[in-house]
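Q: The structure under discussion is supplied below as structure tokens; questions concerning it will follow.
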Amino acid sequence: MRLSRFPLPTLKEDPSDAVVASHKLMIRAGLIRKESAGMYVYLPMGFRVLHKIIAIIREEMNRAGAVEFLMPELTNAELWKESGRWNTMGPEMIRIKDRNGLEYALAPTHEEAFTAIARNIISSYRDLPLNAYQINTKFRDEIRPRFGVIRSKEFIMKDAYSFDLDEEGLEKSYQSMRVAYRNIFKRMGLETIPVEADTGAMGGSQSEEFMVPSAIGEEVLLLCDQCGYRANQEKADFKRTYPPQEPIAELKEVDTPNIKTIEELVSFFNCSASKFLKSIIYIADGVPVMAVISGDREINEHKLKKAIGATSIELAPNSIVEEVTNAPVGFAGPINNFGIRTIFDMSVRHISNGITGANKKDVHYIGVNPGRDFTISEEADIALAVEGDGCPKCETPMKATRGIEVGHIFKLGYKYSKSMNLTVLDKNGKTVHPIMGCYGIGVNRTMATIIEQHHDERGIIWPIPVAPFHVWVIGLGRSTEEICKADEIYEMIKSANIEVIYDDRHLSPGFKFGDADMVGCPIRVTIGKTYFKDGSIEIRMRKGGDIMMCTNEELIEKLNKIIATEFAQYNV
RNA sequence: CGGGAUGUAGCGCAGUCAGGUUAGCGCGCUGCUUUCGGGAAGCAGAAGUCGGGAGUUCGAAUCUCCCCAUCCCGACCA
């Protein structure tokens, strides 16, 4: 490929609307352009990288025994109604009608579609296990698209769905995907950490996310160096420690004029935050509920949502708080709280002589004791684990770090096979529902994440398995004779079946070197003054900057050797 | 959806507070000349609904109102 015939609109300056390195570099290196918020055009150089990533995913999925499908993007509403998700998916699912008024969704995921086709094509235990996958576009009307391609409204996902006869089979399928994912990311130069995750909107039991540690990660991970416990903060457990029980005091009302926040209360009462019963009003599926937790902890809304069994929860607006507590925000508490459904964190039971709002303006109770002053009607773990909390397994203080989620694997269970009535006959001729798993990789996000992990101040440094080209040839000659010589070298490399791009543009050397560094192909070959003088060709590695010289005759062998060595670093 | 910021040529910005001729600058782009192993120089050019609409005014990029879009911070997710 000649660069003179290959659109590569590189930029010298950062685009003003990009914030993170990968987004800036993808635009500056001419890989993508923004179409509108959350939608991107892949230019030829960027598309090549996407293809490389897809090819690796496909190889590893096939190697793991998965089989590739291609599903429609426009999915009939009937499918979603069968599983119940037409109602529960919410506005992130883009719904449209055709001219006859039939409703469709632009697929945000494909559990229903794959379950439906499985219903059609499998009927016996002999057809199991089946692991069906596709690499296809997903549409999600994100509330906030962010960080370029990392969170967009339209993105390419590899999604796989496994169907097994029993849990043992599912465990096997799940583990084989776990291995495949590790291999996939390793082959792209990404070190991933699998962490325990919340199962979220997909439903199901066990679930792990594949995280790449990064300062720009949207997830917080809690890690135990001692025993290897790793979890998303949304899901993370921690070892509880409780204060000693005190001799029980009398329940009293205290005037607390305009003292509302835990901080204000701590200084007003001059005691530790753990004394307070923090009471927060949420709206769960439209109904107000109260969550009560020790004042030194935060509520984990994912855990709370699960404990309540709600499909959506949000903080109640002030007006609702005033309505249900009969007081301004800041004076809510579990005592005499008008019969509102209340969930207590496990920490509450252990508070003795605590302090909490009296559901009256400017009044708090002191000497509050669970059991005597209110009943713990529903108890659950609804606390957010934070850095320094003890590991739930070995009690060692955990560390927190941020991560980008590039993949996610789930054990779905029977949710879809039952709701959509997917059945097979087992050995005994009995009708049974297969058990399912699902497995996703964000392809575009993976590309951005690779850049986050592999760049310097000059530009991208592609790991060779995902580099758009392996070799970047720069011709610096001016005379017709010199240009011919550079052309010959390029043709020679090309006919050796090496992936090569040739910068044959009429630009100054600095400009060409700059573009080569920006785009970041692993091997640069320069045909310049050293070649025209004494026939020595310069080979320079983008990573590390090592320079080697060789002759015309040695070049192909040398390049093949370097390429093989580079690839070897990413072997699994 | 709540809070904050921004919108001027393909890209990056100035000009707006304090209204006043043909709206500037850098990069990029076109032509010519010289140069060219780390983002060259000169000369000559092309390219703009100043986000949109309404209003105030003799006169609006600039003031007022409404709308839209983009980006950042929080709740959803690959």
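Please note that chains go A, B, ... in the order of the structure tokens, that every chain numbers its residues from 1, and that ligands are numbered from 1 in the order shown.
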Can you pull out the residues contacting range 337-339 of chain A? Cut-off 10 Å, using only C-alpha atoms (C1' of nucleotides), and skip same-chain residues under 2 positions away; I want them as a list in words.
A: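 Near neighbours after the sequence-gap exclusion: Val289, Met290, Val324, Thr325, Asn326, Ala332, Gly333, Pro334, Ile335, Arg341, Thr342, Gly357, Ala358, Asn359 and Phe374 of chain A.
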Q: Hey, could you make a per-residue contact list for chain B against chain A with 10 Å as the cut-off, showing the nearest pair of atoms and its distance in Å to one decimal, counting only C-alpha atoms (C1' of nucleotides), sorted by chain and number, as a tab-separated table?
A:
```
residue	atom	partner	partner_atom	distance
B:C1	C1'	A:Ile143	CA	8.7
B:U6	C1'	A:Asp17	CA	9.5
B:G10	C1'	A:Pro9	CA	9.9
B:C11	C1'	A:Leu11	CA	7.1
B:G12	C1'	A:Glu13	CA	6.4
B:C27	C1'	A:Lys12	CA	7.5
B:G28	C1'	A:Leu11	CA	8.6
B:U35	C1'	A:Ser508	CA	9.3
B:C36	C1'	A:Ser508	CA	5.3
B:G37	C1'	A:Pro509	CA	6.2
B:G38	C1'	A:Gly510	CA	4.2
B:G39	C1'	A:Phe511	CA	4.2
B:A40	C1'	A:Ser508	CA	7.5
B:A69	C1'	A:Ala37	CA	9.2
B:U70	C1'	A:Ala37	CA	7.4
B:C71	C1'	A:Asp17	CA	5.6
B:C72	C1'	A:Val19	CA	8.8
B:A75	C1'	A:Glu314	CA	7.2
B:C76	C1'	A:Ile143	CA	7.2
B:C77	C1'	A:Glu142	CA	8.4
B:A78	C1'	A:Gly442	CA	4.0
```
Q: Would you please extract all strand (DSSP E or B) residues from range 48-200 of chain A, as assigned by DSSP on the backbone, and give them as a PyMOL selection string?
A: chain A and resi 67-68+74-76+94-97+103-106+124+130-139+146+151+154-164+193-196
Q: Please, what distance in Å, to one decimal, runs between CA of Tyr242 in chain A and CA of Val329 in chain A?
A: 27.9 Å
Q: When DSSP works through the backbone of this structure, what residues of range 18-141 of chain A end up as helix (DSSP H, G or I), shown as a short mmCIF file (atom, residue, chain, number, x, y, z; two decimals) with N, CA and C atoms, in the first residue's frame?
A:
```cif
data_model
loop_
_atom_site.label_atom_id
_atom_site.label_comp_id
_atom_site.auth_asym_id
_atom_site.auth_seq_id
_atom_site.Cartn_x
_atom_site.Cartn_y
_atom_site.Cartn_z
N ALA A 21 -6.07 9.99 26.30
CA ALA A 21 -4.99 9.77 25.34
C ALA A 21 -5.47 8.98 24.12
N SER A 22 -6.20 7.91 24.35
CA SER A 22 -6.57 7.05 23.23
C SER A 22 -7.47 7.80 22.24
N HIS A 23 -8.38 8.59 22.74
CA HIS A 23 -9.28 9.35 21.89
C HIS A 23 -8.50 10.37 21.07
N LYS A 24 -7.62 11.11 21.73
CA LYS A 24 -6.80 12.10 21.03
C LYS A 24 -5.97 11.44 19.94
N LEU A 25 -5.32 10.32 20.31
CA LEU A 25 -4.42 9.68 19.37
C LEU A 25 -5.17 9.03 18.20
N MET A 26 -6.34 8.48 18.48
CA MET A 26 -7.09 7.86 17.39
C MET A 26 -7.47 8.90 16.35
N ILE A 27 -7.78 10.10 16.81
CA ILE A 27 -8.13 11.15 15.85
C ILE A 27 -6.87 11.72 15.21
N ARG A 28 -5.84 12.00 16.02
CA ARG A 28 -4.62 12.60 15.49
C ARG A 28 -3.90 11.67 14.51
N PRO A 44 -9.58 4.16 6.93
CA PRO A 44 -8.91 2.91 6.54
C PRO A 44 -7.86 2.40 7.52
N MET A 45 -7.04 3.31 8.07
CA MET A 45 -6.00 2.84 8.99
C MET A 45 -6.62 2.27 10.27
N GLY A 46 -7.66 2.92 10.76
CA GLY A 46 -8.32 2.44 11.97
C GLY A 46 -9.06 1.14 11.73
N PHE A 47 -9.66 1.04 10.57
CA PHE A 47 -10.44 -0.16 10.24
C PHE A 47 -9.54 -1.39 10.18
N ARG A 48 -8.31 -1.18 9.70
CA ARG A 48 -7.38 -2.31 9.65
C ARG A 48 -7.11 -2.86 11.04
N VAL A 49 -6.97 -1.96 12.01
CA VAL A 49 -6.73 -2.40 13.38
C VAL A 49 -7.94 -3.18 13.90
N LEU A 50 -9.12 -2.62 13.64
CA LEU A 50 -10.35 -3.30 14.05
C LEU A 50 -10.40 -4.71 13.47
N HIS A 51 -10.02 -4.83 12.21
CA HIS A 51 -10.00 -6.16 11.58
C HIS A 51 -9.04 -7.11 12.27
N LYS A 52 -7.88 -6.59 12.66
CA LYS A 52 -6.89 -7.43 13.34
C LYS A 52 -7.46 -7.95 14.66
N ILE A 53 -8.09 -7.05 15.39
CA ILE A 53 -8.66 -7.42 16.69
C ILE A 53 -9.74 -8.47 16.49
N ILE A 54 -10.60 -8.22 15.52
CA ILE A 54 -11.70 -9.16 15.23
C ILE A 54 -11.13 -10.53 14.84
N ALA A 55 -10.07 -10.52 14.04
CA ALA A 55 -9.50 -11.79 13.58
C ALA A 55 -8.97 -12.61 14.76
N ILE A 56 -8.35 -11.93 15.71
CA ILE A 56 -7.82 -12.64 16.88
C ILE A 56 -8.95 -13.22 17.70
N ILE A 57 -9.98 -12.40 17.91
CA ILE A 57 -11.13 -12.88 18.69
C ILE A 57 -11.74 -14.11 18.00
N ARG A 58 -11.89 -14.00 16.70
CA ARG A 58 -12.51 -15.10 15.94
C ARG A 58 -11.67 -16.36 16.06
N GLU A 59 -10.35 -16.24 15.92
CA GLU A 59 -9.48 -17.40 16.03
C GLU A 59 -9.62 -18.10 17.37
N GLU A 60 -9.61 -17.30 18.42
CA GLU A 60 -9.66 -17.89 19.76
C GLU A 60 -11.03 -18.45 20.08
N MET A 61 -12.07 -17.81 19.58
CA MET A 61 -13.42 -18.35 19.80
C MET A 61 -13.56 -19.68 19.07
N ASN A 62 -13.09 -19.70 17.85
CA ASN A 62 -13.18 -20.94 17.09
C ASN A 62 -12.36 -22.05 17.76
N ARG A 63 -11.19 -21.65 18.24
CA ARG A 63 -10.33 -22.62 18.90
C ARG A 63 -11.02 -23.20 20.14
N ALA A 77 -40.03 -6.83 18.24
CA ALA A 77 -40.45 -6.58 19.63
C ALA A 77 -40.98 -7.84 20.31
N GLU A 78 -41.56 -8.75 19.52
CA GLU A 78 -42.13 -9.97 20.09
C GLU A 78 -41.09 -10.75 20.88
N LEU A 79 -39.86 -10.79 20.36
CA LEU A 79 -38.77 -11.48 21.04
C LEU A 79 -38.57 -10.93 22.44
N TRP A 80 -38.58 -9.61 22.51
CA TRP A 80 -38.29 -8.94 23.78
C TRP A 80 -39.47 -9.07 24.74
N LYS A 81 -40.66 -9.16 24.17
CA LYS A 81 -41.83 -9.32 25.02
C LYS A 81 -41.84 -10.72 25.64
N GLU A 82 -41.35 -11.70 24.88
CA GLU A 82 -41.29 -13.06 25.41
C GLU A 82 -40.43 -13.15 26.66
N SER A 83 -39.30 -12.49 26.63
CA SER A 83 -38.40 -12.57 27.78
C SER A 83 -38.79 -11.57 28.85
N ARG A 85 -38.17 -8.39 28.57
CA ARG A 85 -37.27 -7.24 28.60
C ARG A 85 -37.76 -6.05 27.76
N TRP A 86 -38.84 -6.26 26.99
CA TRP A 86 -39.38 -5.10 26.26
C TRP A 86 -39.74 -4.01 27.26
N ASN A 87 -40.19 -4.45 28.45
CA ASN A 87 -40.57 -3.48 29.48
C ASN A 87 -39.42 -3.10 30.40
N THR A 88 -38.51 -4.05 30.66
CA THR A 88 -37.49 -3.76 31.67
C THR A 88 -36.23 -3.09 31.10
N GLY A 90 -35.74 -0.37 29.37
CA GLY A 90 -35.64 1.07 29.54
C GLY A 90 -35.21 1.79 28.28
N PRO A 91 -34.99 3.10 28.40
CA PRO A 91 -34.78 3.94 27.22
C PRO A 91 -33.45 3.72 26.52
N GLU A 92 -32.54 2.91 27.13
CA GLU A 92 -31.27 2.71 26.43
C GLU A 92 -31.47 1.83 25.19
N GLU A 111 -29.39 -11.88 23.60
CA GLU A 111 -29.81 -13.09 24.31
C GLU A 111 -31.08 -13.68 23.70
N GLU A 112 -32.08 -12.81 23.49
CA GLU A 112 -33.36 -13.27 22.98
C GLU A 112 -33.21 -13.86 21.58
N ALA A 113 -32.48 -13.14 20.75
CA ALA A 113 -32.34 -13.59 19.37
C ALA A 113 -31.66 -14.95 19.29
N PHE A 114 -30.62 -15.14 20.11
CA PHE A 114 -29.93 -16.43 20.07
C PHE A 114 -30.76 -17.54 20.70
N THR A 115 -31.50 -17.19 21.75
CA THR A 115 -32.37 -18.21 22.35
C THR A 115 -33.43 -18.64 21.34
N ALA A 116 -33.94 -17.66 20.61
CA ALA A 116 -34.99 -17.97 19.64
C ALA A 116 -34.46 -18.86 18.52
N ILE A 117 -33.27 -18.58 18.05
CA ILE A 117 -32.76 -19.41 16.95
C ILE A 117 -32.37 -20.79 17.49
N ALA A 118 -31.91 -20.84 18.72
CA ALA A 118 -31.58 -22.14 19.32
C ALA A 118 -32.84 -23.01 19.39
N ARG A 119 -33.96 -22.36 19.72
CA ARG A 119 -35.24 -23.06 19.79
C ARG A 119 -35.56 -23.72 18.45
N ASN A 120 -35.14 -23.05 17.42
CA ASN A 120 -35.42 -23.53 16.07
C ASN A 120 -34.46 -24.64 15.63
N ILE A 121 -33.22 -24.56 16.06
CA ILE A 121 -32.23 -25.48 15.48
C ILE A 121 -31.73 -26.57 16.42
N TYR A 125 -30.41 -33.41 23.45
CA TYR A 125 -29.19 -33.28 24.25
C TYR A 125 -27.96 -33.54 23.39
N ARG A 126 -28.17 -34.25 22.27
CA ARG A 126 -27.05 -34.52 21.37
C ARG A 126 -26.55 -33.24 20.69
N ASP A 127 -27.41 -32.22 20.65
CA ASP A 127 -27.00 -30.95 20.04
C ASP A 127 -26.20 -30.08 21.00
#
```
Q: When you look at A9 in chain B with a cut-off of 12 Å (counting only C-alpha atoms (C1' of nucleotides)), what residues show up, excluding the ones that are within fewer than 2 positions of it in the same chain? I need them as a PDB file with N, CA and C atoms (P, O5', C5', C4', C3', O3' and C1' of nucleotides), in the first residue's frame.
A:
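Once everything was written out, this is result.pdb:
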```pdb
ATOM      1  P     C B  11     -13.272  21.076  11.601  1.00  0.00           P
ATOM      2  O5'   C B  11     -11.774  21.003  12.130  1.00  0.00           O
ATOM      3  C5'   C B  11     -11.213  19.759  12.503  1.00  0.00           C
ATOM      4  C4'   C B  11      -9.814  19.971  13.043  1.00  0.00           C
ATOM      5  C3'   C B  11      -9.705  21.008  14.159  1.00  0.00           C
ATOM      6  O3'   C B  11     -10.059  20.471  15.418  1.00  0.00           O
ATOM      7  C1'   C B  11      -8.043  21.448  12.558  1.00  0.00           C
ATOM      8  P     G B  12     -10.665  21.421  16.531  1.00  0.00           P
ATOM      9  O5'   G B  12      -9.418  22.316  16.966  1.00  0.00           O
ATOM     10  C5'   G B  12      -8.323  21.718  17.644  1.00  0.00           C
ATOM     11  C4'   G B  12      -7.266  22.757  17.913  1.00  0.00           C
ATOM     12  C3'   G B  12      -7.749  24.011  18.627  1.00  0.00           C
ATOM     13  O3'   G B  12      -7.885  23.794  20.020  1.00  0.00           O
ATOM     14  C1'   G B  12      -6.379  24.639  16.822  1.00  0.00           C
ATOM     15  P     A B  23     -15.554  41.320   6.652  1.00  0.00           P
ATOM     16  O5'   A B  23     -14.177  41.203   7.458  1.00  0.00           O
ATOM     17  C5'   A B  23     -13.974  41.968   8.648  1.00  0.00           C
ATOM     18  C4'   A B  23     -13.430  41.074   9.728  1.00  0.00           C
ATOM     19  C3'   A B  23     -12.412  40.049   9.249  1.00  0.00           C
ATOM     20  O3'   A B  23     -11.130  40.630   9.199  1.00  0.00           O
ATOM     21  C1'   A B  23     -13.979  39.035  10.715  1.00  0.00           C
ATOM     22  P     G B  24     -10.265  40.527   7.879  1.00  0.00           P
ATOM     23  O5'   G B  24      -8.789  40.380   8.427  1.00  0.00           O
ATOM     24  C5'   G B  24      -8.299  39.098   8.709  1.00  0.00           C
ATOM     25  C4'   G B  24      -7.637  39.103  10.060  1.00  0.00           C
ATOM     26  C3'   G B  24      -6.630  37.983  10.243  1.00  0.00           C
ATOM     27  O3'   G B  24      -5.368  38.371   9.754  1.00  0.00           O
ATOM     28  C1'   G B  24      -8.131  37.972  12.054  1.00  0.00           C
ATOM     29  P     G B  28       1.562  23.055   7.740  1.00  0.00           P
ATOM     30  O5'   G B  28       0.161  22.464   7.236  1.00  0.00           O
ATOM     31  C5'   G B  28      -0.229  21.146   7.566  1.00  0.00           C
ATOM     32  C4'   G B  28      -1.640  20.889   7.088  1.00  0.00           C
ATOM     33  C3'   G B  28      -1.866  21.093   5.593  1.00  0.00           C
ATOM     34  O3'   G B  28      -1.487  19.958   4.838  1.00  0.00           O
ATOM     35  C1'   G B  28      -3.569  22.194   6.805  1.00  0.00           C
ATOM     36  P     C B  29      -0.892  20.151   3.380  1.00  0.00           P
ATOM     37  O5'   C B  29      -2.152  20.727   2.573  1.00  0.00           O
ATOM     38  C5'   C B  29      -3.306  19.922   2.363  1.00  0.00           C
ATOM     39  C4'   C B  29      -4.322  20.690   1.554  1.00  0.00           C
ATOM     40  C3'   C B  29      -3.780  21.293   0.259  1.00  0.00           C
ATOM     41  O3'   C B  29      -3.743  20.347  -0.786  1.00  0.00           O
ATOM     42  C1'   C B  29      -5.039  22.921   1.425  1.00  0.00           C
ATOM     43  P     A B  46      -8.359  34.337  -3.443  1.00  0.00           P
ATOM     44  O5'   A B  46      -9.093  32.935  -3.249  1.00  0.00           O
ATOM     45  C5'   A B  46      -9.342  32.105  -4.371  1.00  0.00           C
ATOM     46  C4'   A B  46      -9.655  30.711  -3.929  1.00  0.00           C
ATOM     47  C3'   A B  46     -10.633  30.629  -2.756  1.00  0.00           C
ATOM     48  O3'   A B  46     -11.973  30.733  -3.184  1.00  0.00           O
ATOM     49  C1'   A B  46      -8.782  29.212  -2.362  1.00  0.00           C
ATOM     50  P     A B  47     -12.993  31.583  -2.325  1.00  0.00           P
ATOM     51  O5'   A B  47     -13.159  30.670  -1.032  1.00  0.00           O
ATOM     52  C5'   A B  47     -13.754  29.373  -1.141  1.00  0.00           C
ATOM     53  C4'   A B  47     -13.453  28.564   0.084  1.00  0.00           C
ATOM     54  C3'   A B  47     -13.985  29.137   1.396  1.00  0.00           C
ATOM     55  O3'   A B  47     -15.345  28.818   1.582  1.00  0.00           O
ATOM     56  C1'   A B  47     -11.755  28.429   1.677  1.00  0.00           C
ATOM     57  P     G B  48     -16.399  29.944   1.890  1.00  0.00           P
ATOM     58  O5'   G B  48     -16.954  29.450   3.288  1.00  0.00           O
ATOM     59  C5'   G B  48     -16.148  28.970   4.340  1.00  0.00           C
ATOM     60  C4'   G B  48     -16.645  29.495   5.658  1.00  0.00           C
ATOM     61  C3'   G B  48     -17.952  30.252   5.583  1.00  0.00           C
ATOM     62  O3'   G B  48     -19.015  29.406   5.998  1.00  0.00           O
ATOM     63  C1'   G B  48     -16.300  31.417   6.907  1.00  0.00           C
ATOM     64  P     C B  50     -22.776  33.906  10.214  1.00  0.00           P
ATOM     65  O5'   C B  50     -21.518  33.035  10.682  1.00  0.00           O
ATOM     66  C5'   C B  50     -21.690  31.989  11.609  1.00  0.00           C
ATOM     67  C4'   C B  50     -20.604  32.036  12.635  1.00  0.00           C
ATOM     68  C3'   C B  50     -21.072  32.402  14.039  1.00  0.00           C
ATOM     69  O3'   C B  50     -20.393  31.565  14.955  1.00  0.00           O
ATOM     70  C1'   C B  50     -19.343  33.846  13.399  1.00  0.00           C
TER      71        C B  50
END
```
Q: Hey, which of B:A44, B:A14, B:C67, B:G19 ends up closest to G31 in chain B? Count only C-alpha atoms (C1' of nucleotides).
A: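 Of the candidates, the smallest distance to G31 in chain B is held by B:A44.
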Q: Could you name the residues that touch Leu555 in chain A at 10 Å or less, counting only C-alpha atoms (C1' of nucleotides), but leaving out those on the same chain fewer than 2 positions away, as an MDAnalysis selection string?
A: chainID A and resid 489 492:493 525 536:539 549:553 557:561
Q: List the spatial neighbours of range 228-239 of chain A as a PyMOL selection string - criterion: any atom at most 10 Å away, only C-alpha atoms (C1' of nucleotides), same-chain residues fewer than 6 positions off excluded.
A: chain A and resi 193-200+208-209+211+219-222+300-303+381-403
